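Data block for protein.txt (compact mmCIF, C-alpha atoms):
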```
# COMPACT_ATOMS: atom_id res chain seq x y z
CA MET L 1 -3.93 16.07 14.71
CA ASN L 2 -5.73 13.39 12.69
CA GLN L 3 -3.96 11.07 10.26
CA LYS L 4 -4.89 13.06 7.17
CA GLN L 5 -3.50 16.26 8.68
CA LEU L 6 -0.36 14.43 9.82
CA TRP L 7 0.48 13.03 6.39
CA GLU L 8 -0.34 16.31 4.69
CA GLN L 9 2.18 17.99 6.96
CA LEU L 10 4.83 15.29 6.44
CA ALA L 11 4.37 15.38 2.66
CA HIS L 12 5.08 19.11 2.59
CA LYS L 13 8.01 18.77 4.98
CA ASN L 14 10.02 15.97 3.29
CA SER L 15 7.95 13.48 1.32
CA ARG L 16 10.85 11.28 0.23
CA TYR L 17 12.06 10.75 3.80
CA TYR L 18 8.65 10.08 5.34
CA ILE L 19 7.81 7.60 2.58
CA ASN L 20 11.13 5.74 2.87
CA SER L 21 13.29 6.75 5.82
CA ASP L 22 16.05 4.15 5.28
CA LYS L 23 18.48 6.66 3.76
CA GLY L 24 17.75 9.44 6.24
CA LYS L 25 16.33 12.93 5.73
CA GLY L 26 18.85 13.70 3.01
CA ILE L 27 17.66 10.94 0.69
CA THR L 28 18.20 11.98 -2.92
CA GLU L 29 15.75 11.60 -5.79
CA GLU L 30 18.04 8.99 -7.32
CA GLU L 31 18.10 6.97 -4.09
CA PHE L 32 14.34 7.34 -3.73
CA LEU L 33 13.64 6.05 -7.23
CA LYS L 34 16.07 3.16 -6.82
CA SER L 35 14.27 2.14 -3.61
CA GLY L 36 10.99 2.14 -5.54
CA TRP L 37 12.43 -0.05 -8.28
CA ASP L 38 14.01 -2.44 -5.80
CA ASP L 39 10.76 -2.78 -3.84
CA PHE L 40 8.73 -3.25 -7.02
CA MET L 41 11.04 -6.03 -8.14
CA ALA L 42 11.17 -7.72 -4.72
CA HIS L 43 7.53 -7.45 -3.69
CA VAL L 44 5.63 -7.49 -7.00
CA TRP L 45 7.60 -8.66 -10.02
CA LYS L 46 9.36 -11.53 -8.25
CA ASP L 47 6.36 -12.56 -6.15
CA ASN L 48 5.48 -16.05 -7.33
CA THR L 49 2.02 -15.85 -5.78
CA LEU L 50 1.19 -12.84 -7.96
CA THR L 51 2.98 -13.92 -11.13
CA GLY L 52 1.48 -17.37 -10.86
CA SER L 53 -2.03 -15.94 -10.72
CA PHE L 54 -1.98 -12.96 -13.08
CA ARG L 55 -0.60 -11.74 -16.40
CA PHE L 56 0.47 -8.29 -15.28
CA LYS L 57 0.06 -6.76 -18.75
CA ASP L 58 -3.64 -7.71 -18.62
CA SER L 59 -4.19 -6.76 -14.95
CA VAL L 60 -5.25 -3.73 -12.93
CA ILE L 61 -3.48 -3.07 -9.62
CA VAL L 62 -4.31 -0.65 -6.81
CA ASP L 63 -1.58 0.74 -4.54
CA ILE L 64 -3.05 1.81 -1.17
CA GLY L 65 -0.92 4.61 0.23
CA CYS L 66 0.87 5.22 -3.06
CA GLY L 67 2.55 8.36 -1.72
CA THR L 68 4.36 10.19 -4.52
CA GLY L 69 4.33 7.15 -6.80
CA ARG L 70 7.58 5.61 -5.59
CA ILE L 71 6.50 2.08 -6.57
CA LEU L 72 3.48 2.97 -8.72
CA ARG L 73 5.72 4.57 -11.36
CA PHE L 74 7.38 1.22 -12.02
CA MET L 75 4.12 -0.72 -11.82
CA ALA L 76 2.87 1.41 -14.72
CA ASP L 77 5.50 -0.07 -17.05
CA TYR L 78 4.29 -3.62 -16.44
CA PHE L 79 0.54 -3.48 -15.71
CA LYS L 80 -2.42 -2.76 -17.95
CA LYS L 81 -3.53 -0.08 -15.51
CA VAL L 82 -2.33 1.21 -12.14
CA ILE L 83 -4.38 3.10 -9.56
CA GLY L 84 -2.86 4.98 -6.66
CA VAL L 85 -4.80 6.19 -3.63
CA ASP L 86 -3.40 8.25 -0.78
CA ILE L 87 -4.66 10.19 2.23
CA SER L 88 -2.55 13.26 1.38
CA SER L 89 -3.42 15.73 -1.37
CA GLU L 90 0.22 16.84 -1.48
CA MET L 91 1.38 13.25 -1.99
CA ILE L 92 -1.09 12.89 -4.87
CA LYS L 93 0.08 16.19 -6.37
CA GLN L 94 3.69 15.00 -6.33
CA ALA L 95 2.64 11.59 -7.68
CA LYS L 96 1.00 13.28 -10.68
CA GLU L 97 4.31 14.95 -11.47
CA ARG L 98 6.16 11.64 -11.18
CA MET L 99 3.61 9.81 -13.36
CA GLN L 100 3.34 12.43 -16.09
CA THR L 101 5.13 10.29 -18.69
CA CYS L 102 2.60 7.47 -18.15
CA SER L 103 -0.91 7.21 -19.57
CA ASN L 104 -2.27 4.09 -17.85
CA TYR L 105 -2.82 5.44 -14.33
CA GLU L 106 -5.40 7.01 -12.03
CA LEU L 107 -4.70 8.85 -8.76
CA TYR L 108 -7.14 9.64 -5.98
CA GLU L 109 -6.92 11.53 -2.71
CA THR L 110 -9.00 9.63 -0.16
CA ASP L 111 -10.12 9.76 3.46
CA GLY L 112 -7.76 6.87 4.23
CA GLU L 113 -10.64 4.44 4.72
CA THR L 114 -12.40 4.12 1.38
CA ILE L 115 -11.32 3.36 -2.19
CA PRO L 116 -13.28 5.36 -4.81
CA LEU L 117 -13.69 2.48 -7.27
CA SER L 118 -16.51 0.20 -8.33
CA GLY L 119 -16.81 -3.23 -6.76
CA ASP L 120 -15.26 -6.24 -8.51
CA SER L 121 -13.11 -3.99 -10.70
CA VAL L 122 -9.42 -4.74 -10.01
CA ASP L 123 -7.15 -7.78 -9.98
CA ILE L 124 -4.65 -6.92 -7.25
CA VAL L 125 -4.65 -4.61 -4.24
CA PHE L 126 -1.18 -3.93 -2.86
CA SER L 127 0.15 -1.94 0.09
CA TYR L 128 3.63 -1.60 1.55
CA LEU L 129 4.91 0.60 4.41
CA VAL L 130 1.43 2.04 4.90
CA PHE L 131 -0.72 -0.08 7.22
CA GLN L 132 2.10 -0.08 9.76
CA HIS L 133 1.40 3.64 10.27
CA MET L 134 -2.38 3.34 10.72
CA LYS L 135 -3.14 4.33 14.29
CA THR L 136 -6.55 2.68 14.71
CA ARG L 137 -7.87 -0.81 14.06
CA GLU L 138 -10.98 0.79 12.60
CA MET L 139 -8.93 2.30 9.76
CA VAL L 140 -7.14 -0.99 9.09
CA GLU L 141 -10.39 -2.94 9.04
CA LYS L 142 -12.18 -0.48 6.77
CA ASN L 143 -9.34 -0.78 4.29
CA PHE L 144 -9.54 -4.57 4.41
CA PHE L 145 -13.25 -4.48 3.66
CA GLU L 146 -12.68 -1.98 0.85
CA ALA L 147 -9.92 -4.12 -0.66
CA TYR L 148 -12.31 -7.06 -0.69
CA ARG L 149 -15.08 -4.98 -2.27
CA VAL L 150 -13.04 -3.63 -5.20
CA LEU L 151 -11.30 -6.93 -6.02
CA LYS L 152 -12.62 -9.22 -8.71
CA LYS L 153 -13.35 -12.84 -7.82
CA ASP L 154 -10.01 -14.61 -7.24
CA GLY L 155 -8.26 -11.26 -6.93
CA VAL L 156 -5.38 -10.95 -4.43
CA PHE L 157 -4.76 -8.47 -1.63
CA LYS L 158 -1.09 -8.28 -0.61
CA VAL L 159 -0.39 -6.12 2.43
CA ARG L 160 2.26 -5.72 5.10
CA LEU L 161 1.14 -5.27 8.69
CA ARG L 162 2.94 -4.35 11.89
CA THR L 163 3.52 -7.10 14.47
CA ASP L 164 5.52 -5.19 17.11
CA GLU L 165 3.50 -3.35 19.75
CA ILE L 166 4.06 0.41 19.94
CA GLN L 167 3.46 2.20 23.22
CA ASN L 168 3.45 5.81 22.00
CA MET L 169 1.09 6.44 19.12
CA GLU L 170 2.20 10.08 19.00
CA ASN L 171 5.25 9.04 16.96
CA TRP L 172 4.62 9.77 13.26
CA TRP L 173 5.72 6.24 12.32
CA ALA L 174 3.64 4.43 14.95
CA GLY L 175 0.67 2.20 14.17
CA VAL L 176 -1.44 -0.62 15.53
CA ASN L 177 -0.06 -4.16 15.51
CA TYR L 178 -1.69 -7.49 14.68
CA THR L 179 -1.08 -11.05 15.79
CA GLU L 180 -1.52 -13.99 13.44
CA PRO L 181 -4.88 -15.03 14.96
CA GLN L 182 -6.12 -11.43 14.67
CA ILE L 183 -5.04 -11.23 11.04
CA LYS L 184 -6.80 -14.47 10.17
CA GLU L 185 -9.95 -13.49 12.06
CA LEU L 186 -10.17 -10.12 10.28
CA SER L 187 -9.40 -11.60 6.87
CA ILE L 188 -12.05 -14.30 7.16
CA ARG L 189 -14.57 -11.81 8.51
CA CYS L 190 -14.05 -9.71 5.38
CA GLY L 191 -14.61 -12.76 3.19
CA PHE L 192 -11.01 -13.48 2.21
CA THR L 193 -9.23 -16.81 2.02
CA VAL L 194 -5.81 -16.61 3.62
CA ILE L 195 -3.14 -17.74 1.13
CA LYS L 196 -0.10 -17.31 3.36
CA LEU L 197 1.73 -15.14 5.90
CA GLU L 198 5.44 -14.38 5.79
CA TYR L 199 7.12 -12.71 8.75
CA VAL L 200 9.64 -9.88 8.40
CA LYS L 201 11.96 -10.23 11.40
CA ASP L 202 10.12 -9.29 14.61
CA TYR L 203 8.26 -6.21 13.41
CA GLY L 204 6.14 -7.06 10.40
CA VAL L 205 4.33 -9.65 8.35
CA TRP L 206 3.38 -9.89 4.70
CA VAL L 207 -0.13 -11.19 4.15
CA TRP L 208 -1.57 -12.64 0.94
CA LEU L 209 -5.37 -12.94 0.73
CA ARG L 210 -7.64 -14.15 -2.05
CA LYS L 211 -11.20 -13.05 -2.69
```

Could the structure of this file be written out as structure tokens, please?
Amino acid sequence: MNQKQLWEQLAHKNSRYYINSDKGKGITEEEFLKSGWDDFMAHVWKDNTLTGSFRFKDSVIVDIGCGTGRILRFMADYFKKVIGVDISSEMIKQAKERMQTCSNYELYETDGETIPLSGDSVDIVFSYLVFQHMKTREMVEKNFFEAYRVLKKDGVFKVRLRTDEIQNMENWWAGVNYTEPQIKELSIRCGFTVIKLEYVKDYGVWVWLRK
């Protein structure tokens, strides 16, 4: 089963749980939305690197792996325009339902490797709890190159990567890991300037990159 088929299946099975498994398979809609708000506030609104560089109300942001719009829905209240891309058509279908009260959004089903936007067209590319599930370095690297392509000059790519090594890639949650030298090598190869890295315990790292 390829990654597109996997996430299509998981989206139909229990999208809230497979997007955010912290509350277990019985996660309620209320809990799901609260998690989206909390993550928006923690990782976007209160991010000094982003707020120090952009006026959100004048900016366009892309959410790679937007799922059903868990965070995108709240981004829409603060950004000029929000764009969500996801590998699953079912996730996009559910995201459209969640975003129906908004007018400043676009949603795209993708192949998981490309972003269907013009080059130099967005201010911020963001991704959380997505790259950690990518099972090949090729997919990660293609997304990095695409993020660079669609960003305007001085735009920022904020992404969280996995740092712990997973032995069994058959697990739905498994994905490839990166070391700090590997992250810097890939980022520079894409053309980015590394702003900073911030580790999340022993399993992840936030990465800020500037075009």

Hey, can you check how far atom CA of L:Val44 sits from atom CA of L:Phe79?
10.9 Å

So which residues touch L:Trp37 within 9 Å, counting all atoms listed in the file, skipping near sequence neighbours fewer than 2 positions away, as an MDAnalysis selection string?
chainID L and resid 32:35 39:42 70:71 73:74

Given the selection you just returned, output its residues as a file containing C-alpha atoms, formatted as a short mmCIF file (atom, residue, chain, number, x, y, z; two decimals), in the coordinates of the input.
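Below is the file result02.cif, written as the result:
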```cif
data_model
loop_
_atom_site.label_atom_id
_atom_site.label_comp_id
_atom_site.auth_asym_id
_atom_site.auth_seq_id
_atom_site.Cartn_x
_atom_site.Cartn_y
_atom_site.Cartn_z
CA PHE L 32 14.34 7.34 -3.73
CA LEU L 33 13.64 6.05 -7.23
CA LYS L 34 16.07 3.16 -6.82
CA SER L 35 14.27 2.14 -3.61
CA ASP L 39 10.76 -2.78 -3.84
CA PHE L 40 8.73 -3.25 -7.02
CA MET L 41 11.04 -6.03 -8.14
CA ALA L 42 11.17 -7.72 -4.72
CA ARG L 70 7.58 5.61 -5.59
CA ILE L 71 6.50 2.08 -6.57
CA ARG L 73 5.72 4.57 -11.36
CA PHE L 74 7.38 1.22 -12.02
#
```

Rounded to one decimal place, report the atom CA of L:Asn143-atom CA of L:Thr101 distance in Å.
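Value for the atom CA of L:Asn143-atom CA of L:Thr101 distance: 29.3 Å.
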
Which residues come within 12 Å of stretch 18-21 of chain L, counting all atoms listed in the file, excluding same-chain residues fewer than 4 positions away, as JSON, numbers by chain?
{"L": [6, 7, 8, 9, 10, 11, 12, 13, 14, 25, 26, 27, 28, 29, 31, 32, 33, 34, 35, 36, 39, 65, 66, 67, 68, 69, 70, 71, 86, 88, 91, 128, 129, 130, 132, 133, 172, 173]}

Atom CA of L:Ile183 to atom CA of L:Glu146: how many Å, to one decimal?
15.7 Å

What would stretch 108-172 of chain L look like if you wrote it out as a CSV table (one decimal), in the first residue's frame, with C-alpha atoms included, from the block I just posted?
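Result written to decode32.csv:
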```csv
chain,number,residue,atom,x,y,z
L,108,TYR,CA,-5.9,20.8,-3.1
L,109,GLU,CA,-5.6,17.1,-3.1
L,110,THR,CA,-2.0,16.3,-4.2
L,111,ASP,CA,0.4,13.4,-4.9
L,112,GLY,CA,2.2,14.2,-1.6
L,113,GLU,CA,5.2,15.5,-3.4
L,114,THR,CA,4.2,18.6,-5.3
L,115,ILE,CA,2.3,21.8,-4.4
L,116,PRO,CA,0.0,23.0,-7.2
L,117,LEU,CA,0.9,26.7,-6.9
L,118,SER,CA,2.9,29.2,-8.9
L,119,GLY,CA,6.5,29.9,-7.8
L,120,ASP,CA,7.2,32.9,-5.5
L,121,SER,CA,3.6,33.2,-4.5
L,122,VAL,CA,3.3,32.6,-0.7
L,123,ASP,CA,4.8,34.1,2.4
L,124,ILE,CA,4.9,31.1,4.7
L,125,VAL,CA,4.9,27.3,4.3
L,126,PHE,CA,4.0,25.4,7.5
L,127,SER,CA,3.7,21.7,8.3
L,128,TYR,CA,3.1,19.9,11.6
L,129,LEU,CA,2.7,16.2,12.4
L,130,VAL,CA,3.1,15.4,8.7
L,131,PHE,CA,6.7,15.0,7.7
L,132,GLN,CA,7.2,12.6,10.6
L,133,HIS,CA,4.9,10.1,8.7
L,134,MET,CA,6.7,10.3,5.3
L,135,LYS,CA,8.3,7.0,4.7
L,136,THR,CA,10.9,7.9,2.1
L,137,ARG,CA,13.6,10.6,2.0
L,138,GLU,CA,12.6,11.2,-1.6
L,139,MET,CA,9.1,12.4,-0.5
L,140,VAL,CA,10.6,14.7,2.2
L,141,GLU,CA,13.1,16.2,-0.2
L,142,LYS,CA,10.6,16.8,-3.0
L,143,ASN,CA,8.5,18.7,-0.5
L,144,PHE,CA,11.4,20.8,0.7
L,145,PHE,CA,12.2,21.8,-2.9
L,146,GLU,CA,8.5,22.6,-3.6
L,147,ALA,CA,8.3,24.7,-0.4
L,148,TYR,CA,11.3,26.7,-1.6
L,149,ARG,CA,9.8,27.1,-5.1
L,150,VAL,CA,6.4,28.5,-4.0
L,151,LEU,CA,7.8,30.8,-1.3
L,152,LYS,CA,8.4,34.5,-2.1
L,153,LYS,CA,11.9,35.9,-1.4
L,154,ASP,CA,12.4,36.1,2.3
L,155,GLY,CA,9.5,33.7,2.9
L,156,VAL,CA,9.7,31.2,5.7
L,157,PHE,CA,9.3,27.4,5.8
L,158,LYS,CA,8.5,26.0,9.3
L,159,VAL,CA,8.4,22.3,9.5
L,160,ARG,CA,8.7,19.6,12.1
L,161,LEU,CA,10.8,16.5,11.3
L,162,ARG,CA,11.3,13.2,13.1
L,163,THR,CA,14.7,12.6,14.8
L,164,ASP,CA,14.1,9.1,16.3
L,165,GLU,CA,14.9,6.2,14.1
L,166,ILE,CA,12.0,3.8,13.4
L,167,GLN,CA,12.7,0.2,12.5
L,168,ASN,CA,9.3,-0.9,11.2
L,169,MET,CA,8.0,1.3,8.4
L,170,GLU,CA,4.9,-0.8,8.2
L,171,ASN,CA,3.4,1.1,11.2
L,172,TRP,CA,1.0,3.8,10.0
```
